[in-house]
Amino acid sequence: MGWERAMSGKYRVVVVGMGKRGLHHAQAFQANGRFQVVGVCDIDPARLDTAAAKFGAEKGTDALELALKLKPDVFCFCTLPALRAEMVSAGVKSGAKLIAFEKPVALNTKEGFAVRKLMADSGVKAVVSHQHRYGEHYRKVKEIIASNALGRVHTVNGTATGWMMHMLSHLIDYMRWYNRESPAQWVMGQAEGSGKFKDVHPSPDYMGGFVQFENGVRGIVECGAGAPDVPEVDYWWRKCRIGAQGAEGFAEVLTGGGWRAVTKNGVASGPGCMNYDLDMPPYVQEMADWLDDDRKVHSCNFASAYAGFEIMMALCRSAVKGGQIALPLTEACDELASLKQHLENRKALLSSPVNAKEYGQ
Ligand SMILES: NC(=O)c1ccc[n+]([C@@H]2O[C@H](COP(=O)([O-])OP(=O)(O)OC[C@H]3O[C@@H](n4cnc5c(N)ncnc54)[C@H](O)[C@@H]3O)[C@@H](O)[C@H]2O)c1
């Protein structure tokens, strides 16, 4: 396989899960001159046949079998959240140099710890798709914060109307990025509403909480039924507001509505809207850069995503037990099962009629 790569100069990729995100990934790999999609996998035969024809790749319904056969450089999987450790294990066994997968890192720390151990034991590079950060509006807010135009940053915050297993992973990731990836020391959270535990992204209907970061900055997050509307944005899934407040101003990104800032230099705003076609190419390019050069660590590296995952799991624990939860977490448990039991048959109050369709009473 090393010979084939030497001949083509391309990193060979297997993509598992040919749904929405698997197709996005395969397209982005194929469009980047440094990668070749050599294999695609899905348990749905119709999806598999269409994708194999589209990418001119070998196909299979068993991810491990296909990966062992093709020995890719990159093992990418975009299956739904219930499948993580099994897929990471397949990627490790195949000898891939990099595993690329979708958020969330896992549904609970039982699986999250297993995933982290597989990564640590194998030394494989890994990235998790928090690719919104490549949006021009997300980057502009980062640039303003990093320029010190806000003065001393004391708070980073994020809200989304979408529910936890879809959105909280994103919110925490960008909040941590805006706060220079300072480690979290403890969290305190609350949750309400059990309707979305039935979803394939099982979640409380509403989740919110505080994060204490080591650098003294306060993190505030909320997502779901009780999270505020972002009336500047029409498309419901993009009603997210993420930003930072400092002693001399604030800057924020609206996922579907550009960026804005009020700083000591004045009032400013600009465009930008989350767009897979624009966000995937730089996300994939950074994988080639990291594979080429160990020093060019990917912005969406596993260690960073894992730190965000722990914050989310600690918020769930706090919502069940009450009080503050110290990080890092040391004992694994099934946070989601405990939270589901805790919230059984409870309903969340809505922040706005825009949330009625998804969380309606
Ligand atoms: N980063 C983002 O912006 C973003 C956006 C949407 C979804 N996601 C995440 O992407 C992941 C996938 O979401 P999606 O919307 O593409 O889902 P999807 O349902 O469209 O696709 C999942 C695919 O995986 C296949 N699959 C399931 N089990 C499999 C197995 N054992 N082996 C091979 N294939 C299998 C399914 O048949 C399906 O085709 C989720 O974790 C979701 O949270 C991320």
# chains A, B, ... in the order shown; residues from 1 in each chain; ligands from 1

call {"tool": "select_by_dssp", "arguments": {"residues": "stretch 5-239 of chain A", "states": "alpha helix (DSSP H)", "output": "VMD selection string"}}
result
chain A and resid 5 to 8 20 to 31 45 to 55 63 to 70 85 to 93 109 to 122 136 to 146 164 to 178

call {"tool": "residues_near_ligand", "arguments": {"ligand": "ligand 1", "cutoff": "7 Å", "atoms": "only C-alpha atoms and all ligand atoms", "output": "short mmCIF file (atom, residue, chain, number, x, y, z; two decimals) with all heavy atoms, in the first residue's frame"}}
result
data_model
loop_
_atom_site.label_atom_id
_atom_site.label_comp_id
_atom_site.auth_asym_id
_atom_site.auth_seq_id
_atom_site.Cartn_x
_atom_site.Cartn_y
_atom_site.Cartn_z
N VAL A 16 -16.73 5.39 5.98
CA VAL A 16 -17.80 4.51 6.46
C VAL A 16 -19.03 5.35 6.81
O VAL A 16 -18.91 6.34 7.53
CB VAL A 16 -17.33 3.73 7.71
CG1 VAL A 16 -18.43 2.79 8.20
CG2 VAL A 16 -16.04 2.98 7.43
N GLY A 17 -20.20 4.93 6.32
CA GLY A 17 -21.45 5.67 6.54
C GLY A 17 -21.66 6.64 5.39
O GLY A 17 -21.07 7.73 5.37
N MET A 18 -22.47 6.22 4.44
CA MET A 18 -22.65 7.03 3.23
C MET A 18 -23.93 7.85 3.29
O MET A 18 -24.67 7.97 2.32
CB MET A 18 -22.65 6.13 1.99
CG MET A 18 -21.27 5.63 1.65
SD MET A 18 -20.26 6.99 1.03
CE MET A 18 -19.05 7.16 2.31
N GLY A 19 -24.21 8.41 4.48
CA GLY A 19 -25.34 9.33 4.64
C GLY A 19 -24.89 10.74 4.32
O GLY A 19 -23.90 10.95 3.60
N LYS A 20 -25.58 11.70 4.91
CA LYS A 20 -25.29 13.11 4.62
C LYS A 20 -23.81 13.46 4.84
O LYS A 20 -23.13 13.94 3.95
CB LYS A 20 -26.19 13.97 5.51
CG LYS A 20 -25.90 15.45 5.48
CD LYS A 20 -26.87 16.21 6.36
CE LYS A 20 -26.19 17.35 7.08
NZ LYS A 20 -27.09 18.21 7.84
N ARG A 21 -23.30 13.17 6.02
CA ARG A 21 -21.95 13.61 6.34
C ARG A 21 -20.88 12.73 5.70
O ARG A 21 -19.80 13.23 5.36
CB ARG A 21 -21.77 13.65 7.87
CG ARG A 21 -22.56 14.75 8.52
CD ARG A 21 -22.13 16.13 8.07
NE ARG A 21 -20.80 16.44 8.57
CZ ARG A 21 -19.95 17.25 7.94
NH1 ARG A 21 -20.26 17.82 6.79
NH2 ARG A 21 -18.76 17.48 8.46
N GLY A 22 -21.17 11.46 5.52
CA GLY A 22 -20.20 10.60 4.85
C GLY A 22 -19.98 11.08 3.42
O GLY A 22 -18.83 11.12 2.93
N CYS A 41 -18.23 2.34 2.66
CA CYS A 41 -18.93 1.30 3.42
C CYS A 41 -20.26 1.84 3.92
O CYS A 41 -20.34 2.98 4.40
CB CYS A 41 -18.05 0.89 4.60
SG CYS A 41 -18.85 -0.19 5.79
N ASP A 42 -21.31 1.03 3.81
CA ASP A 42 -22.59 1.34 4.46
C ASP A 42 -23.35 0.03 4.60
O ASP A 42 -23.12 -0.91 3.83
CB ASP A 42 -23.41 2.35 3.63
CG ASP A 42 -24.41 3.12 4.50
OD1 ASP A 42 -25.34 2.48 5.07
OD2 ASP A 42 -24.27 4.34 4.64
N ILE A 43 -24.24 -0.02 5.59
CA ILE A 43 -25.06 -1.22 5.76
C ILE A 43 -26.30 -1.15 4.87
O ILE A 43 -27.01 -2.12 4.71
CB ILE A 43 -25.46 -1.44 7.24
CG1 ILE A 43 -26.04 -0.16 7.83
CG2 ILE A 43 -24.28 -1.93 8.06
CD1 ILE A 43 -26.61 -0.31 9.23
N ASP A 44 -26.54 0.02 4.28
CA ASP A 44 -27.68 0.21 3.38
C ASP A 44 -27.18 -0.02 1.94
O ASP A 44 -26.39 0.77 1.42
CB ASP A 44 -28.20 1.64 3.57
CG ASP A 44 -29.35 1.99 2.64
OD1 ASP A 44 -29.32 1.56 1.46
OD2 ASP A 44 -30.24 2.71 3.09
N ARG A 47 -27.55 2.90 -0.75
CA ARG A 47 -26.61 4.01 -0.51
C ARG A 47 -25.19 3.60 -0.89
O ARG A 47 -24.43 4.38 -1.46
CB ARG A 47 -26.62 4.41 0.97
CG ARG A 47 -27.83 5.20 1.35
CD ARG A 47 -27.72 5.76 2.75
NE ARG A 47 -28.85 6.66 2.97
CZ ARG A 47 -29.01 7.42 4.04
NH1 ARG A 47 -28.13 7.39 5.00
NH2 ARG A 47 -30.04 8.21 4.14
N THR A 61 -19.97 -3.84 3.21
CA THR A 61 -20.97 -3.54 4.25
C THR A 61 -20.38 -3.71 5.65
O THR A 61 -21.02 -3.37 6.63
CB THR A 61 -22.20 -4.48 4.11
OG1 THR A 61 -21.72 -5.83 4.06
CG2 THR A 61 -23.01 -4.16 2.87
N ASP A 62 -19.16 -4.25 5.73
CA ASP A 62 -18.51 -4.46 7.03
C ASP A 62 -17.26 -3.58 7.08
O ASP A 62 -16.29 -3.80 6.34
CB ASP A 62 -18.16 -5.95 7.18
CG ASP A 62 -17.57 -6.25 8.55
OD1 ASP A 62 -16.58 -5.59 8.95
OD2 ASP A 62 -18.10 -7.14 9.22
N ALA A 63 -17.30 -2.58 7.97
CA ALA A 63 -16.23 -1.57 8.00
C ALA A 63 -14.86 -2.20 8.29
O ALA A 63 -13.87 -1.88 7.62
CB ALA A 63 -16.55 -0.51 9.05
N CYS A 78 -18.62 8.24 9.54
CA CYS A 78 -19.66 9.25 9.74
C CYS A 78 -20.98 8.55 10.02
O CYS A 78 -22.01 8.85 9.40
CB CYS A 78 -19.78 10.12 8.50
SG CYS A 78 -18.25 10.96 8.07
N THR A 79 -20.93 7.59 10.93
CA THR A 79 -22.15 6.87 11.33
C THR A 79 -22.84 7.68 12.43
O THR A 79 -22.27 8.63 12.96
CB THR A 79 -21.77 5.47 11.84
OG1 THR A 79 -20.70 5.60 12.77
CG2 THR A 79 -21.31 4.58 10.69
N LEU A 80 -24.04 7.25 12.80
CA LEU A 80 -24.78 7.98 13.84
C LEU A 80 -24.08 7.81 15.21
O LEU A 80 -23.22 6.94 15.35
CB LEU A 80 -26.24 7.50 13.86
CG LEU A 80 -27.04 8.02 12.64
CD1 LEU A 80 -28.38 7.30 12.52
CD2 LEU A 80 -27.24 9.53 12.71
N PRO A 81 -24.42 8.64 16.21
CA PRO A 81 -23.64 8.70 17.45
C PRO A 81 -23.50 7.40 18.24
O PRO A 81 -22.56 7.26 19.02
CB PRO A 81 -24.39 9.75 18.29
CG PRO A 81 -25.09 10.60 17.30
CD PRO A 81 -25.46 9.70 16.16
N GLU A 102 -17.03 11.84 13.14
CA GLU A 102 -18.01 12.89 13.41
C GLU A 102 -18.23 13.08 14.91
O GLU A 102 -18.12 12.15 15.70
CB GLU A 102 -19.35 12.53 12.73
CG GLU A 102 -19.51 13.13 11.35
CD GLU A 102 -19.53 14.66 11.37
OE1 GLU A 102 -19.61 15.26 12.46
OE2 GLU A 102 -19.45 15.26 10.30
N LYS A 103 -18.58 14.32 15.25
CA LYS A 103 -19.04 14.57 16.62
C LYS A 103 -20.38 13.86 16.78
O LYS A 103 -21.04 13.59 15.76
CB LYS A 103 -19.18 16.07 16.91
CG LYS A 103 -19.80 16.94 15.83
CD LYS A 103 -21.23 16.77 15.41
CE LYS A 103 -22.30 16.74 16.41
NZ LYS A 103 -23.67 16.64 15.78
N PRO A 104 -20.81 13.55 18.02
CA PRO A 104 -20.08 13.70 19.27
C PRO A 104 -19.02 12.60 19.44
O PRO A 104 -19.13 11.55 18.82
CB PRO A 104 -21.19 13.53 20.33
CG PRO A 104 -22.18 12.61 19.69
CD PRO A 104 -22.16 12.97 18.23
N SER A 129 -15.05 16.16 13.68
CA SER A 129 -15.54 17.20 12.76
C SER A 129 -16.32 18.33 13.44
O SER A 129 -17.54 18.32 13.46
CB SER A 129 -16.40 16.54 11.68
OG SER A 129 -16.68 17.49 10.68
N HIS A 130 -15.56 19.28 13.96
CA HIS A 130 -16.15 20.54 14.42
C HIS A 130 -15.74 21.59 13.40
O HIS A 130 -14.99 22.52 13.68
CB HIS A 130 -15.63 20.90 15.82
CG HIS A 130 -16.11 19.97 16.88
ND1 HIS A 130 -15.27 19.20 17.65
CD2 HIS A 130 -17.37 19.67 17.29
CE1 HIS A 130 -15.99 18.48 18.50
NE2 HIS A 130 -17.28 18.74 18.31
N GLN A 131 -16.26 21.42 12.19
CA GLN A 131 -15.74 22.19 11.06
C GLN A 131 -16.37 23.57 10.87
O GLN A 131 -15.93 24.33 10.04
CB GLN A 131 -15.86 21.36 9.76
CG GLN A 131 -17.21 21.39 9.08
CD GLN A 131 -18.32 20.70 9.88
OE1 GLN A 131 -18.06 19.98 10.82
NE2 GLN A 131 -19.57 20.93 9.52
N HIS A 132 -17.39 23.89 11.71
CA HIS A 132 -17.97 25.24 11.57
C HIS A 132 -16.90 26.31 11.75
O HIS A 132 -17.02 27.41 11.22
CB HIS A 132 -19.04 25.51 12.64
CG HIS A 132 -20.24 24.61 12.56
ND1 HIS A 132 -21.36 24.80 13.34
CD2 HIS A 132 -20.50 23.51 11.83
CE1 HIS A 132 -22.24 23.86 13.08
NE2 HIS A 132 -21.75 23.06 12.18
N MET A 165 -27.01 16.48 21.77
CA MET A 165 -26.07 15.61 21.05
C MET A 165 -25.82 16.10 19.62
O MET A 165 -24.86 15.70 18.98
CB MET A 165 -26.54 14.16 21.05
CG MET A 165 -26.23 13.45 22.34
SD MET A 165 -24.43 13.32 22.62
CE MET A 165 -24.41 12.76 24.32
N HIS A 166 -26.69 16.98 19.13
CA HIS A 166 -26.39 17.64 17.86
C HIS A 166 -25.46 18.83 18.07
O HIS A 166 -24.46 18.98 17.38
CB HIS A 166 -27.69 18.18 17.22
CG HIS A 166 -28.37 17.22 16.31
ND1 HIS A 166 -27.80 16.79 15.13
CD2 HIS A 166 -29.59 16.63 16.38
CE1 HIS A 166 -28.64 15.96 14.52
NE2 HIS A 166 -29.72 15.84 15.26
N HIS A 201 -30.03 11.18 18.12
CA HIS A 201 -29.07 11.99 18.89
C HIS A 201 -29.70 12.18 20.28
O HIS A 201 -30.18 13.27 20.62
CB HIS A 201 -28.84 13.35 18.24
CG HIS A 201 -28.01 13.28 16.99
ND1 HIS A 201 -28.51 12.89 15.79
CD2 HIS A 201 -26.70 13.55 16.78
CE1 HIS A 201 -27.54 12.91 14.88
NE2 HIS A 201 -26.44 13.32 15.46
#

call {"tool": "residues_around", "arguments": {"residues": "A:Val40", "least_positions_apart": "2", "cutoff": "6 Å", "atoms": "only C-alpha atoms", "output": "ChimeraX atom specification"}}
result
/A:14-16,59

call {"tool": "closest_residue", "arguments": {"among": "A:Leu48, A:Val13, A:Leu107, A:Ala160", "to": "A:Ala332", "atoms": "only C-alpha atoms"}}
result
A:Leu107

call {"tool": "residues_around", "arguments": {"residues": "A:Leu98", "least_positions_apart": "4", "cutoff": "10 Å", "atoms": "only C-alpha atoms", "output": "list in words"}}
result
Val13, Pro72, Asp73, Val74, Phe75, Cys76, Gly91, Val92, Gly123, Val124, Lys125, Ala126, Val127, Met287, Ala288, Trp290 and Leu291 of chain A

call {"tool": "residues_around", "arguments": {"residues": "stretch 222-237 of chain A", "least_positions_apart": "4", "cutoff": "6 Å", "atoms": "only C-alpha atoms", "output": "tab-separated table (two decimals) with N, CA and C atoms, in the first residue's frame"}}
result
chain	number	residue	atom	x	y	z
A	159	THR	N	-25.09	29.61	22.64
A	159	THR	CA	-26.45	29.08	22.71
A	159	THR	C	-26.84	28.48	21.35
A	160	ALA	N	-27.71	27.48	21.39
A	160	ALA	CA	-28.24	26.87	20.16
A	160	ALA	C	-29.64	26.35	20.45
A	161	THR	N	-30.56	26.50	19.50
A	161	THR	CA	-31.91	25.97	19.70
A	161	THR	C	-31.95	24.44	19.48
A	162	GLY	N	-31.01	23.92	18.71
A	162	GLY	CA	-30.94	22.47	18.48
A	162	GLY	C	-30.52	21.75	19.76
A	163	TRP	N	-30.77	20.43	19.83
A	163	TRP	CA	-30.56	19.72	21.09
A	163	TRP	C	-29.13	19.21	21.27
A	205	ASP	N	-34.23	17.69	26.42
A	205	ASP	CA	-34.74	18.73	25.54
A	205	ASP	C	-34.03	20.07	25.75
A	206	TYR	N	-33.61	20.28	26.98
A	206	TYR	CA	-32.95	21.55	27.30
A	206	TYR	C	-31.79	21.26	28.24
A	207	MET	N	-30.66	21.88	27.96
A	207	MET	CA	-29.47	21.69	28.81
A	207	MET	C	-28.75	23.02	28.91
A	208	GLY	N	-28.30	23.36	30.10
A	208	GLY	CA	-27.53	24.60	30.24
A	208	GLY	C	-26.56	24.48	31.39
A	256	GLY	N	-25.82	31.21	11.38
A	256	GLY	CA	-26.44	31.51	10.08
A	256	GLY	C	-26.57	33.00	9.82
A	257	GLY	N	-25.78	33.84	10.46
A	257	GLY	CA	-26.03	35.28	10.31
A	257	GLY	C	-24.85	36.20	10.55
A	350	LEU	N	-40.71	26.33	26.88
A	350	LEU	CA	-40.04	26.88	25.70
A	350	LEU	C	-39.62	28.33	25.92
A	351	SER	N	-38.54	28.71	25.24
A	351	SER	CA	-38.09	30.10	25.30
A	351	SER	C	-38.86	30.93	24.27
A	355	ASN	N	-39.33	27.32	18.89
A	355	ASN	CA	-38.92	25.99	19.34
A	355	ASN	C	-40.09	25.01	19.48

call {"tool": "select_by_dssp", "arguments": {"residues": "stretch 29-214 of chain A", "states": "strand (DSSP E or B)", "output": "count of residues only"}}
result
47

call {"tool": "residues_around", "arguments": {"residues": "A:Asn275", "least_positions_apart": "4", "cutoff": "12 Å", "atoms": "only C-alpha atoms", "output": "PyMOL selection string"}}
result
chain A and resi 24+131-138+238+255-258+279-281

call {"tool": "residues_around", "arguments": {"residues": "A:Ala261", "least_positions_apart": "5", "cutoff": "6 Å", "atoms": "only C-alpha atoms", "output": "MDAnalysis selection string"}}
result
chainID A and resid 250:251 267:268

call {"tool": "atom_distance", "arguments": {"atom1": "atom CA of A:Ala314", "atom2": "atom CA of A:Asn301"}}
result
20.5 Å

call {"tool": "closest_residue", "arguments": {"among": "A:Gly151, A:Gly39, A:Gly219, A:Gly270", "to": "A:Pro183", "atoms": "only C-alpha atoms"}}
result
A:Gly219
